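Undergrad: My structure is in my_file.cif, and what it holds is mmCIF, N, CA and C atoms:
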data_upload
#
loop_
_atom_site.label_atom_id
_atom_site.label_comp_id
_atom_site.auth_asym_id
_atom_site.auth_seq_id
_atom_site.Cartn_x
_atom_site.Cartn_y
_atom_site.Cartn_z
N MET A 1 6.73 0.08 -3.03
CA MET A 1 7.37 1.38 -3.13
C MET A 1 7.01 2.06 -4.45
N LYS A 2 6.83 1.26 -5.50
CA LYS A 2 6.49 1.80 -6.81
C LYS A 2 5.13 2.51 -6.78
N GLU A 3 4.17 1.92 -6.05
CA GLU A 3 2.85 2.53 -5.93
C GLU A 3 2.94 3.88 -5.22
N THR A 4 3.81 3.98 -4.23
CA THR A 4 3.97 5.23 -3.50
C THR A 4 4.51 6.32 -4.41
N VAL A 5 5.47 5.97 -5.26
CA VAL A 5 6.04 6.94 -6.19
C VAL A 5 4.98 7.43 -7.16
N ILE A 6 4.16 6.53 -7.67
CA ILE A 6 3.10 6.90 -8.60
C ILE A 6 2.08 7.81 -7.91
N LEU A 7 1.71 7.47 -6.68
CA LEU A 7 0.76 8.30 -5.94
C LEU A 7 1.32 9.68 -5.67
N MET A 8 2.60 9.77 -5.32
CA MET A 8 3.20 11.08 -5.06
C MET A 8 3.27 11.92 -6.33
N ARG A 9 3.55 11.31 -7.48
CA ARG A 9 3.55 12.05 -8.75
C ARG A 9 2.15 12.59 -9.04
N PHE A 10 1.14 11.76 -8.77
CA PHE A 10 -0.24 12.19 -8.96
C PHE A 10 -0.56 13.38 -8.07
N LEU A 11 -0.14 13.31 -6.81
CA LEU A 11 -0.43 14.40 -5.87
C LEU A 11 0.33 15.67 -6.22
N ARG A 12 1.48 15.54 -6.89
CA ARG A 12 2.28 16.72 -7.23
C ARG A 12 1.85 17.39 -8.52
N HIS A 13 1.50 16.61 -9.54
CA HIS A 13 1.34 17.14 -10.88
C HIS A 13 -0.10 17.28 -11.35
N ASP A 14 -1.01 16.55 -10.77
CA ASP A 14 -2.40 16.59 -11.21
C ASP A 14 -3.18 17.59 -10.38
N PRO A 15 -3.99 18.45 -11.01
CA PRO A 15 -4.75 19.44 -10.24
C PRO A 15 -5.67 18.80 -9.19
N VAL A 16 -6.32 17.71 -9.55
CA VAL A 16 -7.18 17.02 -8.59
C VAL A 16 -6.33 16.44 -7.47
N GLY A 17 -5.18 15.89 -7.84
CA GLY A 17 -4.26 15.35 -6.84
C GLY A 17 -3.75 16.41 -5.89
N GLN A 18 -3.51 17.61 -6.41
CA GLN A 18 -3.05 18.70 -5.55
C GLN A 18 -4.13 19.08 -4.54
N ARG A 19 -5.39 19.09 -4.99
CA ARG A 19 -6.48 19.39 -4.06
C ARG A 19 -6.59 18.32 -2.98
N PHE A 20 -6.44 17.06 -3.38
CA PHE A 20 -6.45 15.99 -2.39
C PHE A 20 -5.28 16.13 -1.42
N GLY A 21 -4.11 16.50 -1.95
CA GLY A 21 -2.94 16.68 -1.10
C GLY A 21 -3.15 17.77 -0.07
N VAL A 22 -3.72 18.89 -0.50
CA VAL A 22 -4.01 19.98 0.45
C VAL A 22 -5.04 19.51 1.47
N GLY A 23 -6.05 18.81 1.01
CA GLY A 23 -7.07 18.28 1.93
C GLY A 23 -6.47 17.33 2.96
N ILE A 24 -5.55 16.49 2.50
CA ILE A 24 -4.90 15.55 3.41
C ILE A 24 -4.08 16.31 4.46
N LEU A 25 -3.37 17.35 4.02
CA LEU A 25 -2.58 18.14 4.97
C LEU A 25 -3.47 18.83 6.01
N VAL A 26 -4.59 19.38 5.57
CA VAL A 26 -5.51 20.04 6.51
C VAL A 26 -6.07 19.02 7.50
N ILE A 27 -6.49 17.87 7.00
CA ILE A 27 -7.04 16.84 7.88
C ILE A 27 -5.97 16.33 8.84
N ALA A 28 -4.74 16.14 8.36
CA ALA A 28 -3.66 15.68 9.23
C ALA A 28 -3.37 16.72 10.31
N TRP A 29 -3.39 18.00 9.95
CA TRP A 29 -3.14 19.05 10.94
C TRP A 29 -4.24 19.04 12.00
N LEU A 30 -5.48 18.93 11.56
CA LEU A 30 -6.59 18.88 12.52
C LEU A 30 -6.48 17.65 13.42
N ALA A 31 -6.06 16.53 12.87
CA ALA A 31 -5.91 15.31 13.67
C ALA A 31 -4.84 15.50 14.73
N LEU A 32 -3.74 16.15 14.36
CA LEU A 32 -2.68 16.39 15.34
C LEU A 32 -3.09 17.44 16.36
N ALA A 33 -3.75 18.48 15.90
CA ALA A 33 -4.13 19.57 16.80
C ALA A 33 -5.21 19.13 17.78
N TRP A 34 -6.16 18.38 17.33
CA TRP A 34 -7.28 17.99 18.18
C TRP A 34 -7.20 16.55 18.66
N THR A 35 -6.23 15.82 18.14
CA THR A 35 -6.06 14.39 18.45
C THR A 35 -7.40 13.65 18.42
N SER A 36 -8.11 13.84 17.37
CA SER A 36 -9.41 13.22 17.19
C SER A 36 -9.25 11.95 16.36
N LEU A 37 -9.84 10.90 16.77
CA LEU A 37 -9.75 9.65 16.02
C LEU A 37 -10.48 9.75 14.69
N GLY A 38 -11.54 10.53 14.67
CA GLY A 38 -12.28 10.71 13.42
C GLY A 38 -11.42 11.38 12.35
N PHE A 39 -10.71 12.43 12.73
CA PHE A 39 -9.83 13.10 11.78
C PHE A 39 -8.65 12.20 11.42
N ALA A 40 -8.11 11.48 12.40
CA ALA A 40 -6.99 10.59 12.12
C ALA A 40 -7.40 9.49 11.15
N ALA A 41 -8.62 9.01 11.24
CA ALA A 41 -9.11 7.97 10.33
C ALA A 41 -9.42 8.55 8.96
N ALA A 42 -9.70 9.84 8.88
CA ALA A 42 -10.03 10.47 7.60
C ALA A 42 -8.82 10.56 6.67
N VAL A 43 -7.61 10.60 7.22
CA VAL A 43 -6.42 10.71 6.38
C VAL A 43 -6.27 9.48 5.47
N PRO A 44 -6.29 8.25 5.99
CA PRO A 44 -6.21 7.10 5.09
C PRO A 44 -7.39 7.00 4.12
N VAL A 45 -8.56 7.41 4.57
CA VAL A 45 -9.73 7.39 3.68
C VAL A 45 -9.52 8.35 2.52
N THR A 46 -9.02 9.55 2.81
CA THR A 46 -8.76 10.53 1.76
C THR A 46 -7.68 10.04 0.81
N LEU A 47 -6.64 9.41 1.33
CA LEU A 47 -5.60 8.84 0.47
C LEU A 47 -6.17 7.72 -0.40
N GLY A 48 -7.07 6.95 0.14
CA GLY A 48 -7.72 5.89 -0.64
C GLY A 48 -8.54 6.46 -1.78
N ILE A 49 -9.26 7.54 -1.50
CA ILE A 49 -10.04 8.20 -2.55
C ILE A 49 -9.12 8.73 -3.64
N ALA A 50 -8.00 9.32 -3.24
CA ALA A 50 -7.03 9.84 -4.22
C ALA A 50 -6.50 8.70 -5.10
N GLU A 51 -6.26 7.54 -4.50
CA GLU A 51 -5.77 6.40 -5.26
C GLU A 51 -6.82 5.91 -6.26
N VAL A 52 -8.07 5.88 -5.85
CA VAL A 52 -9.16 5.45 -6.75
C VAL A 52 -9.28 6.42 -7.93
N VAL A 53 -9.22 7.72 -7.66
CA VAL A 53 -9.30 8.72 -8.73
C VAL A 53 -8.13 8.56 -9.69
N ARG A 54 -6.93 8.33 -9.14
CA ARG A 54 -5.74 8.15 -9.99
C ARG A 54 -5.89 6.94 -10.90
N ARG A 55 -6.37 5.83 -10.35
CA ARG A 55 -6.54 4.62 -11.16
C ARG A 55 -7.60 4.80 -12.23
N ARG A 56 -8.68 5.51 -11.92
CA ARG A 56 -9.71 5.76 -12.94
C ARG A 56 -9.17 6.63 -14.05
N ARG A 57 -8.35 7.62 -13.70
CA ARG A 57 -7.78 8.48 -14.74
C ARG A 57 -6.82 7.70 -15.63
N GLU A 58 -6.09 6.75 -15.06
CA GLU A 58 -5.20 5.91 -15.87
C GLU A 58 -6.02 5.07 -16.85
N GLN A 59 -7.16 4.57 -16.43
CA GLN A 59 -7.99 3.75 -17.30
C GLN A 59 -8.63 4.58 -18.41
N GLU A 60 -8.89 5.85 -18.14
CA GLU A 60 -9.51 6.72 -19.14
C GLU A 60 -8.51 7.26 -20.15
N THR A 61 -7.23 7.07 -19.90
CA THR A 61 -6.21 7.57 -20.81
C THR A 61 -6.30 6.81 -22.13
N TYR A 62 -6.35 7.56 -23.21
CA TYR A 62 -6.48 6.94 -24.52
C TYR A 62 -5.10 6.61 -25.08
N ALA A 63 -5.04 5.49 -25.78
CA ALA A 63 -3.78 5.07 -26.38
C ALA A 63 -3.44 5.98 -27.56
N VAL A 64 -2.16 6.29 -27.68
CA VAL A 64 -1.70 7.12 -28.77
C VAL A 64 -1.22 6.22 -29.89
N ASP A 65 -1.66 6.50 -31.11
CA ASP A 65 -1.26 5.71 -32.26
C ASP A 65 0.11 6.16 -32.72
N ASP A 66 1.11 5.29 -32.55
CA ASP A 66 2.48 5.62 -32.93
C ASP A 66 2.73 5.44 -34.43
N LEU A 67 1.77 4.86 -35.16
CA LEU A 67 1.98 4.63 -36.58
C LEU A 67 1.94 5.93 -37.38
N GLU A 68 1.37 6.98 -36.82
CA GLU A 68 1.34 8.26 -37.52
C GLU A 68 2.76 8.79 -37.76
N ASP A 69 3.68 8.44 -36.89
CA ASP A 69 5.05 8.94 -37.01
C ASP A 69 5.79 8.30 -38.19
N LEU A 70 5.27 7.22 -38.73
CA LEU A 70 5.96 6.51 -39.80
C LEU A 70 5.75 7.16 -41.15
N TYR A 71 4.74 8.01 -41.28
CA TYR A 71 4.43 8.59 -42.60
C TYR A 71 4.95 9.98 -42.72
#
Could you spell out this file's structure in structure tokens?
TA:
Amino acid sequence: MKETVILMRFLRHDPVGQRFGVGILVIAWLALAWTSLGFAAAVPVTLGIAEVVRRRREQETYAVDDLEDLY
């Protein structure tokens, strides 16, 4: 459940995440409208890509030096 919360925060607050969220909604709508297995399979693939991007961004985050606050 914790992973889901983190993914939803990414989809809500990150510009790239928002684009993925809109893409997921469009693909989900097409899957429902056309009931195509290809579109239905694209939704989990798109969510997987969003998760990979989120994890890479977490790894690229630089640590903040808290010792500056002491002076």
Undergrad: Which residues come within 8 Å of A:Leu7, counting only N, CA and C atoms, excluding same-chain residues fewer than 5 positions away, as a PyMOL selection string?
TA: chain A and resi 1-2+12-13+50-51+54
Undergrad: Enter the distance from atom N of A:Ala41 to atom N of A:Ala28, in Å, rounded to one decimal.
TA: 8.6 Å
Undergrad: How far is it from atom C of A:Glu3 to atom CA of A:Ala42, in Å with one decimal?
TA: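 Between atom C of A:Glu3 and atom CA of A:Ala42 the gap is 19.4 Å.
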Undergrad: One decimal, Å: what's the distance from atom CA of A:Val16 over to atom CA of A:Pro44, could you say?
TA: 16.9 Å
Undergrad: May I ask which of the residues A:Glu60, A:Leu32, A:Val5, A:Phe20 is the closest one to A:Thr46, counting all atoms listed in the file?
TA: A:Phe20
